[in-house]
file start_16.txt (compact mmCIF, C-alpha atoms)
# COMPACT_ATOMS: atom_id res chain seq x y z
CA MET A 1 71.10 88.94 121.28
CA ASN A 2 67.71 88.58 119.67
CA SER A 3 67.82 86.67 116.40
CA ALA A 4 65.19 89.02 114.98
CA SER A 5 67.77 91.84 114.83
CA THR A 6 69.07 90.60 111.45
CA ASP A 7 67.37 88.74 108.62
CA THR A 8 69.82 85.86 108.39
CA SER A 9 67.62 84.01 105.90
CA ARG A 10 68.97 86.16 103.08
CA ILE A 11 72.37 84.48 103.45
CA SER A 12 70.92 81.24 102.07
CA VAL A 13 70.51 82.95 98.68
CA SER A 14 74.26 82.79 98.05
CA ALA A 15 74.40 79.20 99.35
CA HIS A 16 72.82 77.99 96.12
CA TYR A 17 75.43 79.76 94.01
CA THR A 18 78.40 78.53 96.03
CA GLY A 19 76.90 75.04 96.09
CA TYR A 20 76.97 75.01 92.30
CA ILE A 21 80.53 76.38 92.17
CA TRP A 22 81.86 73.55 94.35
CA TYR A 23 80.24 70.99 92.05
CA LYS A 24 81.38 72.82 88.92
CA HIS A 25 85.00 72.52 90.05
CA GLY A 26 84.89 68.90 91.18
CA LEU A 27 84.56 69.52 94.92
CA SER A 28 81.02 68.27 95.44
CA ALA A 29 78.43 65.67 94.45
CA LYS A 30 75.67 66.30 91.92
CA GLY A 31 73.06 66.08 94.66
CA PHE A 32 74.28 69.39 96.06
CA VAL A 33 73.30 71.27 92.88
CA THR A 34 70.03 73.20 92.83
CA ASN A 35 68.13 74.96 90.06
CA ALA A 36 68.67 78.22 91.94
CA GLY A 37 72.41 77.55 91.88
CA ARG A 38 72.41 76.92 88.13
CA PHE A 39 70.39 80.08 87.57
CA ALA A 40 72.75 82.19 89.72
CA ASN A 41 75.78 80.80 87.89
CA ALA A 42 74.27 81.73 84.52
CA THR A 43 73.18 85.14 85.76
CA LEU A 44 76.64 86.00 87.09
CA ALA A 45 78.55 84.67 84.08
CA PRO A 46 78.74 88.10 82.34
CA VAL A 47 79.84 89.73 85.60
CA ASN A 48 82.55 87.14 86.08
CA ALA A 49 83.74 87.65 82.51
CA LEU A 50 83.95 91.41 83.09
CA LEU A 51 85.87 90.96 86.34
CA ARG A 52 88.35 88.60 84.68
CA MET A 53 88.97 91.16 81.97
CA LEU A 54 89.30 94.17 84.29
CA ALA A 55 90.77 92.69 87.46
CA GLY A 56 92.34 89.43 86.34
CA ALA A 57 90.13 87.34 88.64
CA ASP A 58 86.45 86.60 89.17
CA ILE A 59 84.08 85.65 91.97
CA ASP A 60 84.64 81.92 91.43
CA ILE A 61 88.39 82.32 91.94
CA PHE A 62 87.91 84.05 95.29
CA LEU A 63 85.46 81.36 96.38
CA LEU A 64 87.85 78.58 95.41
CA GLN A 65 90.76 80.29 97.14
CA ARG A 66 88.98 80.52 100.45
CA HIS A 67 87.50 77.01 100.18
CA SER A 68 90.83 75.38 99.35
CA VAL A 69 92.78 77.05 102.14
CA ILE A 70 90.07 76.34 104.72
CA ASP A 71 90.07 72.67 103.70
CA ASN A 72 93.86 72.54 104.01
CA GLN A 73 93.82 74.02 107.51
CA VAL A 74 91.03 71.69 108.63
CA ARG A 75 92.97 68.65 107.45
CA GLN A 76 96.07 69.84 109.30
CA LEU A 77 94.10 70.18 112.53
CA ILE A 78 92.67 66.70 112.12
CA GLU A 79 95.97 65.05 111.28
CA GLU A 80 98.38 67.06 113.43
CA GLN A 81 96.29 68.33 116.36
CA GLY A 82 93.90 65.42 116.78
CA VAL A 83 90.64 67.25 116.10
CA THR A 84 87.82 64.71 116.22
CA GLN A 85 84.78 67.01 116.39
CA ILE A 86 83.74 69.68 113.89
CA VAL A 87 80.81 72.07 113.88
CA GLU A 88 80.21 73.84 110.54
CA LEU A 89 77.86 76.78 110.98
CA ALA A 90 75.69 78.31 108.26
CA CYS A 91 76.62 75.17 106.34
CA GLY A 92 74.31 75.84 103.40
CA LEU A 93 75.15 73.52 100.52
CA SER A 94 78.79 73.14 101.54
CA PRO A 95 80.14 69.69 100.61
CA ARG A 96 82.87 69.84 103.27
CA GLY A 97 81.18 67.55 105.80
CA TYR A 98 80.27 65.07 103.05
CA ARG A 99 83.90 64.95 101.86
CA LEU A 100 85.59 64.94 105.26
CA LYS A 101 83.46 62.13 106.67
CA ARG A 102 84.63 59.95 103.80
CA GLU A 103 88.27 60.87 104.36
CA TYR A 104 88.09 60.72 108.17
CA PRO A 105 85.20 58.45 109.20
CA GLN A 106 86.14 58.86 112.89
CA LEU A 107 84.98 62.49 112.86
CA ARG A 108 81.89 63.70 114.68
CA TYR A 109 80.56 66.30 112.26
CA ILE A 110 77.63 68.60 113.03
CA GLU A 111 76.29 71.02 110.45
CA GLY A 112 74.11 73.91 111.57
CA ASP A 113 71.86 76.28 109.65
CA LEU A 114 68.51 78.02 109.75
CA PRO A 115 65.49 75.68 109.79
CA GLY A 116 64.68 75.76 106.07
CA MET A 117 68.23 75.20 104.89
CA ALA A 118 68.94 72.68 107.65
CA ASP A 119 65.96 70.57 106.54
CA ARG A 120 67.05 70.76 102.92
CA LYS A 121 70.65 69.84 103.77
CA ARG A 122 69.51 66.93 105.95
CA ARG A 123 67.42 65.48 103.12
CA LEU A 124 70.23 66.04 100.63
CA LEU A 125 72.76 64.18 102.78
CA GLU A 126 70.32 61.31 103.26
CA GLN A 127 70.08 61.02 99.47
CA VAL A 128 73.85 61.02 98.83
CA GLY A 129 74.60 58.82 101.85
CA LEU A 130 74.56 60.22 105.38
CA GLN A 131 77.18 58.50 107.55
CA ASP A 132 77.13 57.73 111.27
CA GLY A 133 78.41 60.65 113.31
CA HIS A 134 77.23 63.23 110.78
CA GLU A 135 74.12 65.26 111.53
CA VAL A 136 72.42 68.53 110.61
CA CYS A 137 70.86 70.72 113.30
CA GLU A 138 68.90 73.94 113.32
CA CYS A 139 71.06 76.87 114.42
CA ASN A 140 70.94 80.64 114.27
CA ILE A 141 74.36 82.06 115.10
CA LEU A 142 72.77 85.22 116.50
CA ASN A 143 70.99 83.34 119.27
CA ALA A 144 73.00 83.84 122.45
CA ASP A 145 71.37 80.81 124.08
CA GLY A 146 68.59 78.31 123.63
CA PRO A 147 68.18 75.12 121.55
CA GLU A 148 69.23 76.76 118.26
CA SER A 149 72.34 78.53 119.62
CA ILE A 150 75.97 77.70 118.87
CA GLN A 151 76.41 76.58 122.47
CA ALA A 152 73.59 74.06 122.07
CA LEU A 153 75.55 72.41 119.25
CA LEU A 154 78.77 72.41 121.27
CA ASP A 155 76.91 70.81 124.18
CA LYS A 156 76.27 67.77 121.97
CA LEU A 157 80.00 67.03 121.79
CA ASP A 158 82.49 65.23 124.01
CA PRO A 159 84.10 67.90 126.25
CA GLU A 160 87.36 65.93 126.33
CA GLN A 161 88.04 66.00 122.57
CA PRO A 162 89.77 68.72 120.48
CA THR A 163 87.05 70.60 118.63
CA LEU A 164 86.79 72.91 115.62
CA ILE A 165 84.16 75.42 114.49
CA ILE A 166 84.06 76.43 110.81
CA THR A 167 82.23 79.22 109.03
CA GLU A 168 82.62 80.03 105.35
CA GLY A 169 81.01 82.83 103.40
CA LEU A 170 79.22 84.07 106.50
CA VAL A 171 80.90 86.75 108.57
CA ASN A 172 80.84 89.62 106.04
CA TYR A 173 77.06 89.62 106.05
CA PHE A 174 77.19 91.23 109.50
CA GLU A 175 78.47 94.50 110.85
CA LEU A 176 81.71 94.03 112.74
CA ASP A 177 80.31 94.79 116.21
CA GLN A 178 77.55 92.24 115.70
CA ILE A 179 79.75 89.41 114.44
CA ARG A 180 82.34 90.07 117.17
CA GLU A 181 79.69 89.17 119.75
CA VAL A 182 79.30 85.84 117.95
CA TRP A 183 83.08 85.32 117.87
CA SER A 184 83.32 86.02 121.59
CA ARG A 185 80.68 83.38 122.31
CA MET A 186 82.55 80.93 120.08
CA ALA A 187 85.80 81.53 121.96
CA SER A 188 84.04 81.07 125.29
CA GLY A 189 82.31 77.88 124.15
CA LEU A 190 85.50 76.37 122.73
CA LYS A 191 87.34 76.90 126.02
CA THR A 192 85.29 74.07 127.52
CA PHE A 193 87.33 71.65 125.36
CA PRO A 194 91.01 70.77 125.93
CA LYS A 195 91.81 72.57 122.66
CA GLY A 196 89.53 74.48 120.36
CA TRP A 197 89.86 76.26 117.04
CA TYR A 198 87.77 78.46 114.82
CA ILE A 199 88.42 78.84 111.07
CA THR A 200 86.71 81.40 108.88
CA ASP A 201 87.19 83.45 105.76
CA LEU A 202 87.08 87.24 106.02
CA TYR A 203 87.09 89.97 103.40
CA PRO A 204 89.06 92.91 104.83
CA ASP A 205 88.76 96.60 104.02
CA PHE A 206 92.21 97.06 102.49
CA ALA A 207 91.82 100.55 101.01
CA ASP A 208 95.35 100.48 99.55
CA HIS A 209 94.70 97.23 97.63
CA PRO A 210 95.42 97.79 93.90
CA SER A 211 92.04 96.27 93.01
CA TYR A 212 90.10 98.00 95.77
CA ARG A 213 87.60 99.53 93.33
CA TYR A 214 86.70 96.03 92.15
CA VAL A 215 86.34 94.95 95.76
CA LYS A 216 83.83 97.73 96.30
CA PHE A 217 82.02 96.71 93.12
CA ALA A 218 81.82 93.11 94.36
CA GLN A 219 80.62 94.41 97.73
CA LYS A 220 77.71 96.20 96.07
CA LEU A 221 76.99 93.20 93.85
CA VAL A 222 76.74 90.80 96.79
CA GLY A 223 74.51 93.31 98.59
CA VAL A 224 72.11 93.39 95.64
CA PHE A 225 72.26 89.62 95.16
CA THR A 226 71.43 88.89 98.82
CA ARG A 227 69.15 91.89 99.45
CA GLY A 228 71.25 93.38 102.24
CA GLY A 229 74.60 94.77 103.30
CA TRP A 230 78.00 93.13 102.97
CA PRO A 231 80.41 95.13 105.12
CA LEU A 232 84.18 94.66 104.92
CA HIS A 233 86.09 94.14 108.16
CA TYR A 234 89.44 95.47 109.42
CA PRO A 235 92.01 97.54 107.50
CA SER A 236 95.06 95.26 107.94
CA ASP A 237 96.22 91.77 108.90
CA GLU A 238 97.44 93.16 112.22
CA ALA A 239 94.03 94.67 112.95
CA ILE A 240 92.40 91.32 112.20
CA ARG A 241 94.79 89.54 114.56
CA ASN A 242 94.26 92.08 117.34
CA GLY A 243 90.50 91.94 116.90
CA PHE A 244 90.27 88.17 117.30
CA GLN A 245 92.59 88.26 120.30
CA GLY A 246 90.28 90.85 121.81
CA ASP A 247 87.37 88.46 121.26
CA GLY A 248 89.04 85.82 123.44
CA PHE A 249 91.20 83.77 121.08
CA ASN A 250 94.77 83.12 122.25
CA GLU A 251 96.50 82.24 118.99
CA VAL A 252 95.46 83.89 115.74
CA ASP A 253 96.89 83.16 112.29
CA VAL A 254 95.89 85.42 109.40
CA LEU A 255 96.52 83.48 106.18
CA ASP A 256 96.89 84.86 102.66
CA PRO A 257 95.88 82.31 100.00
CA ALA A 258 98.84 83.46 97.89
CA SER A 259 101.20 81.85 100.41
CA PHE A 260 99.74 78.48 99.35
CA TYR A 261 100.27 78.88 95.61
CA GLY A 262 101.72 75.74 94.07
CA LYS A 263 100.84 73.66 97.12
CA LEU A 264 97.09 73.02 96.94
CA LYS A 265 95.30 71.16 94.15
CA HIS A 266 92.17 73.30 93.81
CA LEU A 267 93.73 76.68 94.62
CA PRO A 268 93.67 79.01 91.59
CA GLU A 269 96.60 81.40 91.25
CA VAL A 270 96.15 85.00 90.12
CA LYS A 271 98.61 87.80 89.44
CA ILE A 272 96.69 90.39 91.44
CA GLN A 273 96.95 90.54 95.22
CA THR A 274 94.46 88.28 96.91
CA LEU A 275 91.25 89.78 98.31
CA VAL A 276 90.39 87.31 101.08
CA ARG A 277 92.01 86.18 104.31
CA ILE A 278 91.58 82.89 106.16
CA ILE A 279 91.59 83.20 109.95
CA GLN A 280 92.60 80.31 112.19
CA ALA A 281 92.06 81.20 115.83
CA GLY A 282 92.73 78.90 118.75
CA VAL A 283 91.91 78.64 122.44
CA SER A 284 92.66 76.19 125.24
CA ARG A 285 91.45 75.59 128.77

call {"tool": "encode", "arguments": {"input": "start_16.txt", "output": "structure tokens"}}
result
Amino acid sequence: MNSASTDTSRISVSAHYTGYIWYKHGLSAKGFVTNAGRFANATLAPVNALLRMLAGADIDIFLLQRHSVIDNQVRQLIEEQGVTQIVELACGLSPRGYRLKREYPQLRYIEGDLPGMADRKRRLLEQVGLQDGHEVCECNILNADGPESIQALLDKLDPEQPTLIITEGLVNYFELDQIREVWSRMASGLKTFPKGWYITDLYPDFADHPSYRYVKFAQKLVGVFTRGGWPLHYPSDEAIRNGFQGDGFNEVDVLDPASFYGKLKHLPEVKIQTLVRIIQAGVSR
């Protein structure tokens, strides 16, 4: 696939906003905050207030739900499955690598992003304290091969260690057919390790969701904010599971953040049905 087929640079626009949200809620260091993030937070404040009034939840809540559950699943894989190598793609201003390397210094952690964001993230981590075994590399997930492909990052790792790929806030920027090609390459690449997992968030197209009209509003809002589309994927949990199995993953768990209520520190609870799913998909040799 030619990387020119989609302008992936637009995704970095939302990275500044999410980077500020993590810091705002005590999940990040001050060095991860940018002026663009502060501006986006202020700009979206009236929208968030309206969503809280109409739907009982706002954009920040959905972001915190996905972030908290992903973190929980990653920790489980490290502690229970022996994952020692993590690749976080389209890392943006995510503080996850910064936090996890302090909790689990034995990890090999590679962050990948487009050249501009990768350079910014590398300099940021150097300022807050970049640890051994933590690096930032240039990567375009749409590149099927070459030095900036996902496989190039996987090739840097020990093929005998359990390995995890993470994406957050990424997959709904692409049409389903396009991102499924990426998922298939991930599954194939992870099969070179004794065990491999992929964790991502996904916003499904649940037309029968009681807050579906607000989902569609948020979809349009994100599209305007990032100057492009934001398609929803799959009409049900079963369709999600079948789709990932069709992409080459053997075991697929579709997780609803509501099932973690009362269990995770930074997971906000809302009365409405949740709007996001966390996918944990595994492969083995």

call {"tool": "closest_residue", "arguments": {"input": "start_16.txt", "among": "A:His209, A:Arg96, A:Lys191, A:Arg75", "to": "Gly19 in chain A", "atoms": "only C-alpha atoms"}}
result
A:Arg96

call {"tool": "residues_around", "arguments": {"input": "start_16.txt", "residues": "Gln76 in chain A", "least_positions_apart": "5", "cutoff": "12 Å", "atoms": "only C-alpha atoms", "output": "MDAnalysis selection string"}}
result
chainID A and resid 69:71 81:84 164 197 199 280

call {"tool": "residues_around", "arguments": {"input": "start_16.txt", "residues": "Glu135 in chain A", "least_positions_apart": "6", "cutoff": "9 Å", "atoms": "all atoms listed in the file", "output": "PyMOL selection string"}}
result
chain A and resi 108-112+122+125

call {"tool": "closest_atom_pairs", "arguments": {"input": "start_16.txt", "of": "range 49-157 of chain A", "to": "range 269-275 of chain A", "cutoff": "12 Å", "atoms": "all atoms listed in the file", "output": "Markdown table"}}
result
| residue | atom | partner | partner_atom | distance |
| --- | --- | --- | --- | --- |
| A:Leu51 | CA | A:Ile272 | CA | 12.0 |
| A:Arg52 | CA | A:Val270 | CA | 10.2 |
| A:Leu54 | CA | A:Ile272 | CA | 11.0 |
| A:Ala55 | CA | A:Ile272 | CA | 7.5 |
| A:Gly56 | CA | A:Ile272 | CA | 6.8 |
| A:Ala57 | CA | A:Val270 | CA | 6.6 |
| A:Asp58 | CA | A:Val270 | CA | 9.9 |
| A:Ile59 | CA | A:Leu275 | CA | 10.4 |
| A:Asp60 | CA | A:Glu269 | CA | 12.0 |
| A:Ile61 | CA | A:Glu269 | CA | 8.3 |
| A:Phe62 | CA | A:Leu275 | CA | 7.3 |
| A:Leu63 | CA | A:Leu275 | CA | 10.4 |
| A:Leu64 | CA | A:Glu269 | CA | 10.1 |
| A:Gln65 | CA | A:Glu269 | CA | 8.4 |
| A:Arg66 | CA | A:Leu275 | CA | 9.8 |
| A:Ser68 | CA | A:Glu269 | CA | 11.6 |

call {"tool": "closest_residue", "arguments": {"input": "start_16.txt", "among": "A:Gln245, A:Thr167, A:Gln219, A:Ser188", "to": "Ser94 in chain A", "atoms": "all atoms listed in the file"}}
result
A:Thr167

call {"tool": "residues_around", "arguments": {"input": "start_16.txt", "residues": "Asp201 in chain A", "least_positions_apart": "3", "cutoff": "7 Å", "atoms": "only C-alpha atoms", "output": "list in words"}}
result
Arg66, Glu168, Gly169, Val276, Arg277, Ile278 and Ile279 of chain A

call {"tool": "residues_near_point", "arguments": {"input": "start_16.txt", "point": "(81.4, 88.0, 108.1)", "cutoff": "9 Å", "atoms": "only C-alpha atoms", "output": "ChimeraX atom specification"}}
result
/A:167-176,179,200-203,230-233

call {"tool": "atom_distance", "arguments": {"input": "start_16.txt", "atom1": "CA of Ala187 in chain A", "atom2": "CA of Ile166 in chain A"}}
result
12.4 Å

call {"tool": "atom_distance", "arguments": {"input": "start_16.txt", "atom1": "CA of His67 in chain A", "atom2": "CA of Pro105 in chain A"}}
result
20.8 Å

call {"tool": "closest_residue", "arguments": {"input": "start_16.txt", "among": "A:Tyr23, A:Tyr234, A:Phe244, A:Tyr212", "to": "Arg185 in chain A", "atoms": "only C-alpha atoms"}}
result
A:Phe244

call {"tool": "atom_distance", "arguments": {"input": "start_16.txt", "atom1": "CA of Arg285 in chain A", "atom2": "CA of Ser236 in chain A"}}
result
28.9 Å

call {"tool": "closest_residue", "arguments": {"input": "start_16.txt", "among": "A:Val128, A:Ala40, A:Val87, A:Leu93", "to": "Leu153 in chain A", "atoms": "only C-alpha atoms"}}
result
A:Val87

call {"tool": "residues_around", "arguments": {"input": "start_16.txt", "residues": "Leu124 in chain A", "least_positions_apart": "2", "cutoff": "12 Å", "atoms": "all atoms listed in the file", "output": "ChimeraX atom specification"}}
result
/A:29-34,92-95,98,117-122,126-130,135-136
